[in-house]
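Structure below is query_2.txt: compact mmCIF, C-alpha atoms.
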```
# COMPACT_ATOMS: atom_id res chain seq x y z
CA MET A 1 26.66 34.91 -13.20
CA GLY A 2 27.12 37.53 -15.85
CA ASP A 3 25.75 40.56 -14.00
CA ARG A 4 27.95 41.45 -11.07
CA GLN A 5 25.49 44.04 -9.80
CA SER A 6 22.59 41.53 -9.48
CA PHE A 7 23.29 40.83 -5.80
CA LYS A 8 22.40 43.90 -3.76
CA LEU A 9 24.01 44.68 -0.42
CA GLN A 10 21.70 45.32 2.50
CA GLN A 11 24.39 46.59 4.91
CA ALA A 12 27.45 48.82 4.77
CA ARG A 13 29.96 50.61 7.03
CA ASP A 14 30.25 54.36 7.21
CA LYS A 15 33.36 56.48 7.78
CA HIS A 16 33.30 55.82 11.53
CA GLY A 17 32.87 52.05 11.19
CA ARG A 18 29.18 52.01 12.14
CA VAL A 19 27.05 49.33 10.41
CA ILE A 20 24.07 50.86 8.61
CA SER A 21 21.09 49.23 6.92
CA ALA A 22 19.61 49.80 3.48
CA GLN A 23 16.41 50.92 5.18
CA GLN A 24 18.26 54.05 6.35
CA ILE A 25 18.92 55.17 2.77
CA GLY A 26 16.89 58.25 1.83
CA GLN A 27 16.37 59.55 5.36
CA LYS A 28 16.92 63.27 5.89
CA PRO A 29 19.34 64.06 7.38
CA GLU A 30 21.38 60.99 6.53
CA PRO A 31 22.15 58.93 9.67
CA PHE A 32 25.59 57.95 8.35
CA THR A 33 28.81 59.60 7.21
CA ARG A 34 30.27 58.98 3.78
CA PRO A 35 32.33 57.35 2.28
CA LEU A 36 30.68 53.96 2.68
CA ARG A 37 32.43 50.63 2.47
CA CYS A 38 31.56 46.95 2.28
CA PRO A 39 30.83 45.49 5.74
CA TYR A 40 33.43 42.72 5.19
CA CYS A 41 36.13 44.36 3.04
CA GLU A 42 37.47 47.82 2.19
CA HIS A 43 35.82 48.13 -1.19
CA GLU A 44 33.83 51.37 -1.54
CA VAL A 45 30.05 51.12 -1.98
CA ILE A 46 27.41 53.68 -2.90
CA ALA A 47 23.87 54.04 -1.57
CA GLN A 48 21.09 53.44 -4.10
CA PRO A 49 17.67 54.81 -2.99
CA GLU A 50 14.36 53.25 -3.93
CA GLN A 51 13.51 53.99 -7.59
CA PRO A 52 10.76 53.02 -10.06
CA ARG A 53 12.02 50.96 -12.99
CA ILE A 54 10.77 49.19 -16.13
CA SER A 55 11.68 45.52 -16.65
CA LYS A 56 12.93 44.07 -19.93
CA LYS A 57 9.44 42.79 -20.63
CA GLY A 58 8.03 46.30 -20.23
CA LYS A 59 6.46 45.81 -16.81
CA PRO A 60 6.93 48.58 -14.23
CA PHE A 61 8.40 47.70 -10.85
CA THR A 62 10.08 49.41 -7.92
CA ARG A 63 13.72 48.70 -7.22
CA GLY A 64 14.35 48.62 -3.48
CA ALA A 65 17.02 50.62 -1.71
CA HIS A 66 20.40 48.87 -1.48
CA PHE A 67 24.16 49.35 -1.54
CA ALA A 68 26.16 48.66 -4.70
CA LEU A 69 29.87 48.37 -5.34
CA ALA A 70 31.47 51.52 -6.69
CA LYS A 71 32.82 51.28 -10.23
CA GLU A 72 36.49 50.54 -10.63
CA LYS A 73 38.68 53.42 -11.73
CA GLU A 74 40.54 51.29 -14.24
CA PRO A 75 38.65 51.10 -17.56
CA GLY A 76 37.31 47.66 -18.46
CA ARG A 77 37.62 46.28 -14.96
CA ALA A 78 34.42 45.21 -13.25
CA ALA A 79 33.82 45.93 -9.61
CA GLU A 80 34.46 43.00 -7.30
CA HIS A 81 34.81 42.50 -3.57
CA LEU A 82 38.34 42.18 -2.26
CA ALA A 83 39.65 38.78 -1.25
CA PRO A 84 38.82 37.05 1.06
CA CYS A 85 35.48 38.85 1.39
CA PRO A 86 32.59 36.35 1.81
CA LEU A 87 30.43 38.52 -0.46
CA ARG A 88 32.46 37.68 -3.55
CA THR A 89 29.37 36.44 -5.36
CA ASP A 90 30.99 35.21 -8.54
CA HIS A 91 33.73 33.42 -6.65
CA THR A 92 31.28 31.74 -4.26
CA VAL A 93 28.76 30.73 -6.90
CA HIS A 94 31.43 29.27 -9.17
CA ALA A 95 32.89 27.37 -6.21
CA ILE A 96 29.46 25.89 -5.44
CA ALA A 97 29.10 24.79 -9.07
CA ARG A 98 32.60 23.25 -9.14
CA THR A 99 32.20 21.23 -5.94
CA SER A 100 28.67 19.97 -6.65
CA GLN A 101 29.74 17.10 -8.94
CA GLY A 102 27.49 18.43 -11.68
CA LEU A 103 24.41 18.92 -9.52
CA ALA A 104 24.61 22.75 -9.54
CA GLU A 105 24.46 24.24 -13.01
CA LEU A 106 25.53 27.85 -13.55
CA ARG A 107 23.32 29.51 -16.16
CA SER A 108 22.75 33.03 -17.39
CA GLY A 109 19.65 33.38 -15.22
CA GLY A 110 21.34 32.12 -12.07
CA LEU A 111 22.38 28.94 -10.29
CA GLN A 112 20.11 25.91 -10.64
CA LEU A 113 20.49 23.08 -8.18
CA ARG A 114 19.43 19.60 -9.27
CA LEU A 115 18.24 17.91 -6.10
CA VAL A 116 19.32 14.29 -6.53
CA LEU A 117 18.91 12.35 -3.31
CA ALA A 118 18.77 8.70 -2.39
CA PRO A 119 15.39 7.25 -3.40
CA THR A 120 14.89 6.18 0.20
CA SER A 121 16.82 6.61 3.41
CA ASP A 122 16.76 3.38 5.37
CA THR A 123 13.06 3.06 6.04
CA LYS A 124 12.64 0.72 3.05
CA ALA A 125 9.35 2.48 2.29
CA PRO A 126 8.32 2.52 -1.39
CA LEU A 127 8.87 5.81 -3.21
CA LEU A 128 5.51 7.02 -4.54
CA PRO A 129 5.01 10.17 -6.67
CA PRO A 130 3.39 13.06 -4.78
CA ALA A 131 -0.31 13.49 -5.41
CA GLY A 132 -1.04 16.01 -8.15
CA SER A 133 2.56 16.46 -9.29
CA PRO A 134 3.19 16.64 -13.06
CA LEU A 135 5.46 13.74 -13.89
CA LEU A 136 7.87 13.39 -16.78
CA ALA A 137 7.89 10.43 -19.11
CA PRO A 138 10.72 7.94 -18.44
CA PRO A 139 13.77 8.71 -20.59
CA ALA A 140 14.61 6.43 -23.47
CA ASP A 141 18.16 5.96 -22.20
CA PRO A 142 18.00 6.28 -18.41
CA VAL A 143 21.20 7.08 -16.58
CA ASN A 144 21.66 6.12 -12.94
CA LEU A 145 23.35 8.88 -10.98
CA LYS A 146 24.84 7.57 -7.75
CA ILE A 147 26.06 9.88 -5.02
CA HIS A 148 28.63 8.58 -2.59
CA SER A 149 29.01 10.35 0.74
CA VAL A 150 32.26 10.14 2.66
CA ASP A 151 32.38 11.19 6.30
CA PRO A 152 32.45 14.01 7.28
CA ALA A 153 31.33 15.56 3.95
CA LEU A 154 27.70 15.90 2.95
CA PRO A 155 26.31 14.68 -0.35
CA PRO A 156 26.87 17.37 -2.99
CA ALA A 157 23.20 18.36 -3.27
CA VAL A 158 22.84 19.12 0.43
CA THR A 159 26.24 20.80 0.59
CA SER A 160 25.30 23.10 -2.26
CA ALA A 161 21.95 23.91 -0.63
CA ALA A 162 23.65 24.85 2.63
CA ARG A 163 26.19 27.10 0.91
CA ILE A 164 23.45 28.84 -1.10
CA ALA A 165 21.55 29.50 2.12
CA GLN A 166 24.70 30.97 3.67
CA LEU A 167 25.30 33.25 0.70
CA LEU A 168 21.73 34.54 0.73
CA ALA A 169 21.90 35.15 4.48
CA LEU A 170 24.96 37.37 3.96
CA TYR A 171 22.89 39.47 1.57
CA GLY A 172 20.00 39.68 4.01
CA ASP A 173 17.80 37.16 2.14
CA ASP A 174 16.84 39.86 -0.31
CA PRO A 175 13.96 38.60 -2.51
CA GLU A 176 15.63 39.86 -5.68
CA ASN A 177 18.76 37.88 -4.85
CA VAL A 178 16.74 34.76 -4.00
CA GLU A 179 15.21 34.74 -7.46
CA HIS A 180 18.57 33.77 -8.96
CA PHE A 181 18.42 30.27 -7.42
CA THR A 182 16.10 27.45 -8.37
CA VAL A 183 15.94 23.73 -7.55
CA LYS A 184 15.24 20.98 -10.09
CA HIS A 185 13.46 18.00 -8.56
CA PRO A 186 13.41 14.68 -10.41
CA GLY A 187 10.06 14.16 -12.11
CA LEU A 188 8.91 17.81 -12.03
CA ARG A 189 8.63 19.66 -15.32
CA THR A 190 9.56 23.14 -14.10
CA PRO A 191 12.24 24.15 -11.57
CA VAL A 192 11.08 24.98 -8.06
CA PRO A 193 11.82 28.51 -6.80
CA TRP A 194 14.20 28.65 -3.87
CA ASN A 195 11.49 30.05 -1.59
CA ASP A 196 9.35 26.96 -2.29
CA PHE A 197 12.21 24.62 -1.45
CA CYS A 198 13.99 26.17 1.55
CA PHE A 199 11.77 27.71 4.24
CA GLY A 200 13.05 30.07 6.92
CA PRO A 201 14.34 31.59 9.01
CA ASP A 202 11.69 34.32 8.71
CA PRO A 203 8.54 33.32 10.69
CA GLY A 204 6.28 34.60 7.91
CA HIS A 205 8.09 32.37 5.44
CA LEU A 206 7.77 29.36 7.75
CA ALA A 207 4.04 30.03 7.99
CA ARG A 208 3.71 28.89 4.36
CA LEU A 209 5.43 25.63 5.25
CA TYR A 210 2.99 25.09 8.11
CA GLN A 211 0.02 25.68 5.83
CA GLN A 212 1.34 23.29 3.17
CA VAL A 213 2.12 20.55 5.69
CA ALA A 214 -1.28 20.96 7.36
CA ALA A 215 -3.06 20.81 3.99
CA GLY A 216 -0.90 17.96 2.67
CA THR A 217 0.11 19.83 -0.49
CA VAL A 218 3.88 19.37 -0.26
CA ARG A 219 4.79 17.73 -3.59
CA HIS A 220 8.54 17.36 -3.19
CA PRO A 221 11.20 17.19 -0.45
CA VAL A 222 11.70 20.56 1.23
CA ALA A 223 14.30 22.03 3.58
CA VAL A 224 13.96 24.16 6.70
CA LEU A 225 16.55 26.73 7.72
CA GLY A 226 16.63 27.67 11.40
CA GLN A 227 18.65 28.15 14.55
CA VAL A 228 18.84 25.76 17.49
CA THR A 229 17.13 27.29 20.50
CA GLN A 230 16.45 24.22 22.66
CA ILE A 231 17.65 20.63 23.00
CA ARG A 232 15.91 18.09 25.21
CA THR A 233 16.97 14.50 25.73
CA THR A 234 15.00 11.76 27.43
CA THR A 235 15.48 8.04 27.67
CA ASN A 236 13.79 7.33 24.35
CA VAL A 237 13.70 10.63 22.36
CA THR A 238 15.96 13.61 21.63
CA SER A 239 14.21 16.82 20.46
CA CYS A 240 15.90 19.83 18.85
CA ARG A 241 13.86 23.01 18.30
CA ILE A 242 15.01 25.05 15.30
CA ALA A 243 12.14 27.54 14.81
CA THR A 244 9.51 29.17 17.01
CA ASP A 245 6.58 31.61 16.83
CA ILE A 246 5.31 30.45 13.45
CA PRO A 247 1.90 32.09 12.86
CA THR A 248 -0.78 29.52 12.09
CA GLY A 249 -3.89 31.70 11.83
CA LEU A 250 -5.66 29.66 14.53
CA PRO A 251 -7.05 31.13 17.75
CA GLY A 252 -5.80 30.50 21.26
CA PRO A 253 -2.73 28.45 22.09
CA LEU A 254 -2.63 27.11 18.53
CA ALA A 255 -1.87 30.55 17.11
CA HIS A 256 1.85 29.75 16.95
CA ALA A 257 3.70 26.59 15.98
CA GLU A 258 7.27 25.34 16.33
CA VAL A 259 9.61 23.25 14.18
CA TYR A 260 11.39 20.29 15.77
CA LEU A 261 13.87 17.62 14.76
CA ARG A 262 13.39 14.40 16.71
CA VAL A 263 15.24 11.11 16.77
CA GLY A 264 14.92 7.94 18.78
CA SER A 265 17.59 6.45 20.98
CA ASP A 266 18.91 4.39 18.07
CA ARG A 267 19.61 7.54 15.99
CA ARG A 268 20.70 9.90 18.73
CA PRO A 269 24.15 10.53 17.14
CA LEU A 270 22.43 12.50 14.34
CA LEU A 271 21.57 15.35 16.75
CA GLU A 272 24.49 15.08 19.17
CA PRO A 273 26.74 17.53 17.19
CA LEU A 274 24.08 20.26 17.40
CA ALA A 275 24.37 22.92 20.10
CA GLU A 276 22.23 25.88 21.03
CA GLY A 277 22.90 28.84 18.73
CA ALA A 278 24.00 26.73 15.74
CA ARG A 279 22.42 27.18 12.31
CA VAL A 280 20.74 24.11 10.85
CA LEU A 281 19.52 23.13 7.40
CA ALA A 282 17.23 20.08 7.70
CA LEU A 283 16.35 18.37 4.44
CA ALA A 284 13.44 15.97 4.08
CA ALA A 285 13.95 12.71 2.20
CA PRO A 286 11.61 11.23 -0.41
CA ASP A 287 10.22 8.87 2.24
CA VAL A 288 10.79 11.05 5.35
CA ALA A 289 8.79 14.29 5.27
CA PHE A 290 7.83 17.02 7.72
CA LYS A 291 4.62 16.17 9.54
CA LEU A 292 2.24 18.10 11.75
CA TRP A 293 1.99 17.00 15.38
CA LYS A 294 -1.29 17.99 16.99
CA PRO A 295 -1.35 18.41 20.77
CA ASP A 296 -3.34 15.93 22.83
CA ARG A 297 -4.08 18.41 25.63
CA GLU A 298 -4.71 22.11 26.05
CA GLY A 299 -1.90 24.58 26.50
CA LEU A 300 0.33 23.11 23.78
CA GLY A 301 0.75 24.46 20.26
CA HIS A 302 1.17 22.70 16.95
CA GLN A 303 4.57 21.32 16.01
CA VAL A 304 6.05 20.67 12.58
CA VAL A 305 8.28 17.65 13.19
CA MET A 306 10.75 15.70 11.07
CA TRP A 307 12.43 12.48 12.19
CA PRO A 308 15.73 12.38 10.26
CA ARG A 309 17.02 8.91 9.53
CA ALA A 310 20.26 9.61 7.63
CA HIS A 311 23.23 11.88 8.25
CA TRP A 312 22.89 13.63 4.87
CA GLN A 313 19.57 15.16 5.96
CA ILE A 314 21.25 17.61 8.37
CA ALA A 315 23.79 20.39 7.81
CA HIS A 316 24.96 22.63 10.65
CA TRP A 317 27.39 25.52 10.98
CA ASN A 318 28.21 28.49 13.22
CA VAL A 319 28.26 32.23 12.58
CA ASP A 320 30.75 34.64 14.14
CA GLY A 321 30.01 38.10 15.48
CA ALA A 322 30.35 39.69 12.03
CA GLY A 323 27.88 37.23 10.49
CA VAL A 324 30.47 35.20 8.53
CA PRO A 325 29.51 31.49 8.52
CA THR A 326 31.80 28.51 8.82
CA ALA A 327 31.83 25.61 6.38
CA PRO A 328 28.71 23.42 6.68
CA ARG A 329 29.17 20.04 8.29
CA SER A 330 27.02 16.99 8.85
CA PRO A 331 26.89 14.35 11.57
CA SER A 332 28.85 11.17 11.12
CA PRO A 333 27.04 8.37 9.30
CA LEU A 334 25.28 5.92 11.53
CA ARG A 335 26.99 2.62 12.03
CA LYS A 336 25.32 -0.25 10.26
CA PRO A 337 23.50 -2.59 12.64
CA VAL A 338 25.25 -5.85 13.30
CA GLY A 339 23.58 -8.49 11.15
CA PRO A 340 22.73 -12.03 12.25
CA ARG A 341 25.59 -14.43 12.63
CA THR A 342 26.30 -16.84 9.85
CA ARG A 343 24.32 -20.00 10.35
CA ARG A 344 26.55 -22.98 10.79
CA ARG A 345 26.00 -26.19 8.83
CA PRO A 346 24.09 -28.77 10.90
CA PRO A 347 26.04 -31.88 11.89
CA SER A 348 25.80 -34.86 9.53
CA ALA A 349 23.88 -38.03 10.37
CA ARG A 350 27.11 -40.09 10.40
CA PRO A 351 27.73 -41.52 13.90
CA ALA A 352 30.56 -39.94 15.77
CA ALA A 353 33.79 -41.86 16.10
CA PRO A 354 34.41 -43.38 19.55
CA ALA A 355 36.71 -41.42 21.77
CA ARG A 356 40.25 -42.76 21.89
CA PRO A 357 41.50 -43.88 25.28
CA PHE A 358 44.46 -42.31 26.91
CA THR A 359 47.68 -43.59 25.38
CA SER A 360 51.17 -43.24 26.68
CA SER A 361 54.60 -44.33 25.65
CA HIS A 362 54.62 -46.73 28.62
CA ARG A 363 51.91 -49.35 28.56
CA PRO A 364 50.21 -49.63 31.95
CA VAL A 365 50.82 -52.89 33.78
CA PRO A 366 47.74 -54.50 35.30
CA SER A 367 47.96 -54.24 39.02
CA PRO A 368 46.69 -56.87 41.43
CA PRO A 369 43.66 -56.10 43.55
CA ARG A 370 44.23 -53.91 46.56
CA THR A 371 44.73 -56.43 49.37
CA ALA A 372 46.88 -56.37 52.42
CA PRO A 373 50.41 -57.73 51.80
CA ARG A 374 51.06 -61.24 53.07
CA PRO A 375 53.61 -61.45 55.84
CA PRO A 376 56.94 -63.04 54.84
CA ALA A 377 57.87 -66.55 55.89
CA ALA A 378 59.16 -67.01 59.39
CA VAL A 379 62.90 -66.63 59.62
CA PRO A 380 64.79 -67.76 62.72
CA GLY A 381 66.17 -64.86 64.57
CA PRO A 382 65.81 -62.81 67.67
CA PRO A 383 62.26 -62.38 68.95
CA GLN A 384 60.49 -59.19 67.90
CA THR A 385 57.42 -57.34 69.10
CA ALA A 386 54.27 -57.94 67.10
CA ALA A 387 53.33 -55.10 64.67
CA PRO A 388 49.69 -54.10 64.03
CA ALA A 389 48.01 -56.02 61.26
CA ALA A 390 48.01 -54.34 57.86
CA GLU A 391 44.41 -55.39 57.19
CA ALA A 392 43.19 -52.89 59.77
CA VAL A 393 44.30 -49.93 57.63
CA PRO A 394 41.37 -48.81 55.38
CA LEU A 395 42.22 -48.13 51.75
CA PRO A 396 41.08 -44.80 50.24
CA GLU A 397 38.26 -45.13 47.73
CA ALA A 398 38.67 -43.70 44.23
CA ALA A 399 36.82 -40.50 43.39
CA PRO A 400 33.76 -40.97 41.15
CA GLY A 401 34.48 -40.59 37.47
CA LEU A 402 38.22 -41.24 37.88
CA PRO A 403 40.07 -44.55 37.41
CA ALA A 404 40.90 -46.46 40.55
CA VAL A 405 44.60 -46.49 39.64
CA PRO A 406 45.91 -43.52 37.67
CA PRO A 407 48.13 -44.31 34.69
CA PRO A 408 51.83 -44.25 35.46
CA PRO A 409 53.80 -41.20 34.28
CA GLU A 410 55.84 -41.31 31.14
CA THR A 411 59.09 -41.20 33.16
CA PRO A 412 59.17 -44.00 35.74
CA PRO A 413 59.96 -42.80 39.26
CA PRO A 414 63.27 -43.87 40.82
CA LEU A 415 63.18 -47.10 42.75
CA ALA A 416 63.36 -46.94 46.51
CA PRO A 417 66.31 -48.74 48.16
CA VAL A 418 65.46 -52.30 49.21
CA GLU A 419 66.79 -53.63 52.46
CA PRO A 420 68.62 -57.01 52.23
CA ARG A 421 66.60 -60.00 53.36
CA VAL A 422 67.01 -63.75 53.42
CA ILE A 423 65.75 -65.50 50.30
CA PRO A 424 63.93 -68.76 51.13
CA PRO A 425 64.85 -71.99 49.32
CA ALA A 426 63.36 -72.67 45.91
CA ALA A 427 61.18 -75.51 47.25
CA ALA A 428 59.37 -73.18 49.59
CA SER A 429 58.66 -70.65 46.84
CA LEU A 430 55.11 -70.42 45.60
CA PRO A 431 54.35 -71.41 42.01
CA VAL A 432 54.04 -68.46 39.71
CA SER A 433 51.05 -68.51 37.39
CA PRO A 434 51.55 -67.27 33.83
CA PRO A 435 50.04 -63.87 32.84
CA ALA A 436 46.52 -63.84 31.49
CA GLU A 437 47.59 -62.80 28.01
CA ARG A 438 50.08 -65.70 27.71
CA ARG A 439 47.57 -68.50 28.41
CA THR A 440 47.35 -71.04 25.58
CA ARG A 441 44.03 -71.99 24.14
CA GLY A 442 42.65 -75.48 24.94
CA PRO A 443 41.95 -78.23 22.40
CA GLY A 444 39.26 -77.41 19.90
CA PHE A 445 35.97 -79.18 19.34
CA LEU A 446 37.39 -81.47 16.59
CA ALA A 447 40.27 -82.73 18.83
CA ARG A 448 37.90 -83.52 21.65
CA TRP A 449 35.64 -85.52 19.28
CA ARG A 450 38.56 -87.67 18.03
CA ARG A 451 39.54 -88.61 21.58
CA ARG A 452 36.17 -90.16 22.21
```
Would you put the structure from the file into structure tokens?
Amino acid sequence: MGDRQSFKLQQARDKHGRVISAQQIGQKPEPFTRPLRCPYCEHEVIAQPEQPRISKKGKPFTRGAHFALAKEKEPGRAAEHLAPCPLRTDHTVHAIARTSQGLAELRSGGLQLRLVLAPTSDTKAPLLPPAGSPLLAPPADPVNLKIHSVDPALPPAVTSAARIAQLLALYGDDPENVEHFTVKHPGLRTPVPWNDFCFGPDPGHLARLYQQVAAGTVRHPVAVLGQVTQIRTTTNVTSCRIATDIPTGLPGPLAHAEVYLRVGSDRRPLLEPLAEGARVLALAAPDVAFKLWKPDREGLGHQVVMWPRAHWQIAHWNVDGAGVPTAPRSPSPLRKPVGPRTRRRPPSARPAAPARPFTSSHRPVPSPPRTAPRPPAAVPGPPQTAAPAAEAVPLPEAAPGLPAVPPPPETPPPLAPVEPRVIPPAAASLPVSPPAERRTRGPGFLARWRRR
């Protein structure tokens, strides 16, 4: 960023390892023991008391007390934090610019983030320009910039915003450091200062967000930086509180407001990765903004609520005991709802073919009607006792829907042994009638007419 001394340290460690604040600089006697070092590495720092200065434009101002890196002893070598110190400003800022896919531009005045988001999340609501916002004329050769998000990474714009917020938090959110970052919204002529884009975690800073949301003067998507302090889940809604005690300027119970993230049961996975104590950066979408919820009964305060609808609207991370943050992460993308099944083609008007009957390799032989067998002809022999008549035995009826006689199996069963019996003479044998299919047709109509 050109000037390595632009980011001012707000904390340091003294000779005994005690962490001291920049507010303690100038006190007599000094409440710390020199030499002083960086709170995260062994590089030596010096205490700079509050001093009046003149800007490059000739305006007087007061430079606040801070800690600065001591100059390197080698000539021509600029002071820099030792690796892997998280306060390596140049290293971090260049890394943000490299991994932003062109959305973060590193300039002489600082880092400018071009906030390019999806035109809508999944609400399908039309994207309308904010009321009163100065719009740019459409370019002569428009270029469509598409951002593809792959789980578990965030889109580059939100990732860069989260890393900038982490870097500023390490420097104590010093106002002079914040001035080095701006956000370029599509359609706005001038870049938006970082303080007008990302609100929090200071309650006084969040009070400006409450006033803008209540007045309806938010002209572009904004982000809220906070810490999870409460998570409540019911059957239909999951609420996550990320900021409390926001002064509203109203009397009574409405004197303080809170900031919540809420989702319905269908989008509950968006808040499931969050836990109490985690840091959260919630980003509004062009069609999903922060809104003011007014209580319907006494005893409740105002709430600034956002209902996130996409995974790229939330970034969360943790901070260790020394204040070093982890890499920002986002929830997994929501699974797409299962669409309607493909409609099958209706059946044609052609009549269906008749069902084929059961066929087998063995043609069934027509069986005679179920009657009692006739007794054989009398044969002279020894007298025998009379057996019960066969007609008295009832025949089982066929089940409904089934043929009276089932078709024979493909493999004929073995024949049972037949006892020898006396064959009667041929004269006594009954005449055998020919099968029905072998009957010859009678004389036609013409033959009968000739015989007349």
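Atom pair CA of Cys198 in chain A / CA of Asp90 in chain A: separated by 21.7 Å.
Of the residues listed (A:Pro331, A:Ile164, A:Pro191, A:Val280), A:Ile164 shows the shortest atom-to-atom separation from Ala95 in chain A; distances use all atoms listed in the file.
Note that the spacing between CA of Arg309 in chain A and CA of Ile96 in chain A amounts to 25.8 Å.
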Provide the CA of Gly204 in chain A to CA of Glu258 in chain A distance in Å, to one decimal place.
-> 12.6 Å
Around the point (1.5, 20.2, 6.5), in the coordinates given by the file, pick out the residues reaching within 12 Å, counting only C-alpha atoms, and return them as a ChimeraX atom specification.
-> /A:206-219,222,248,257,259,289-294,302-306
Closest of A:Leu111, A:Leu36, A:Leu117, A:Ala322 to Phe181 in chain A - atom-to-atom distances counting all atoms listed in the file = A:Leu111
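Shortest atom-to-atom contact with Pro175 in chain A among A:Thr159, A:Val263, A:Ile54, A:Lys8: A:Lys8, counting all atoms listed in the file.
Close contacts of Gly301 in chain A, defined as residues with an atom at most 7 Å away when counting all atoms listed in the file, with chain neighbours fewer than 4 positions off set aside, comprise A:Pro253, A:Leu254, A:His256, A:Ala257, A:Pro295.
With all atoms listed in the file as the atoms that count, the minimum distance from His316 in chain A to the choices A:Arg107, A:Arg53, A:Arg267, A:Arg163 is reached by A:Arg163.
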Kindly add N, CA and C atoms to the incomplete range 230-243 of chain A and provide the output as a compact mmCIF listing (two decimals), in the coordinates of the input.
```txt
# COMPACT_ATOMS: atom_id res chain seq x y z
N GLN A 230 16.70 25.11 21.52
CA GLN A 230 16.45 24.22 22.66
C GLN A 230 16.75 22.79 22.26
N ILE A 231 17.36 22.05 23.19
CA ILE A 231 17.65 20.63 23.00
C ILE A 231 17.22 19.89 24.26
N ARG A 232 16.38 18.90 24.09
CA ARG A 232 15.91 18.09 25.21
C ARG A 232 16.15 16.62 24.90
N THR A 233 16.66 15.92 25.89
CA THR A 233 16.97 14.50 25.73
C THR A 233 16.32 13.72 26.85
N THR A 234 15.59 12.69 26.48
CA THR A 234 15.00 11.76 27.43
C THR A 234 15.57 10.37 27.18
N THR A 235 14.98 9.40 27.83
CA THR A 235 15.48 8.04 27.67
C THR A 235 15.27 7.53 26.26
N ASN A 236 14.15 7.89 25.64
CA ASN A 236 13.79 7.33 24.35
C ASN A 236 13.90 8.32 23.19
N VAL A 237 13.80 9.65 23.45
CA VAL A 237 13.70 10.63 22.36
C VAL A 237 14.62 11.80 22.65
N THR A 238 15.20 12.35 21.58
CA THR A 238 15.96 13.61 21.63
C THR A 238 15.28 14.60 20.70
N SER A 239 14.91 15.79 21.22
CA SER A 239 14.21 16.82 20.46
C SER A 239 15.10 18.05 20.34
N CYS A 240 15.12 18.62 19.14
CA CYS A 240 15.90 19.83 18.85
C CYS A 240 14.97 20.84 18.20
N ARG A 241 14.74 21.97 18.84
CA ARG A 241 13.86 23.01 18.30
C ARG A 241 14.68 23.98 17.47
N ILE A 242 14.25 24.20 16.21
CA ILE A 242 15.01 25.05 15.30
C ILE A 242 14.21 26.26 14.84
N ALA A 243 12.94 26.37 15.19
CA ALA A 243 12.14 27.54 14.81
C ALA A 243 10.97 27.67 15.77
```
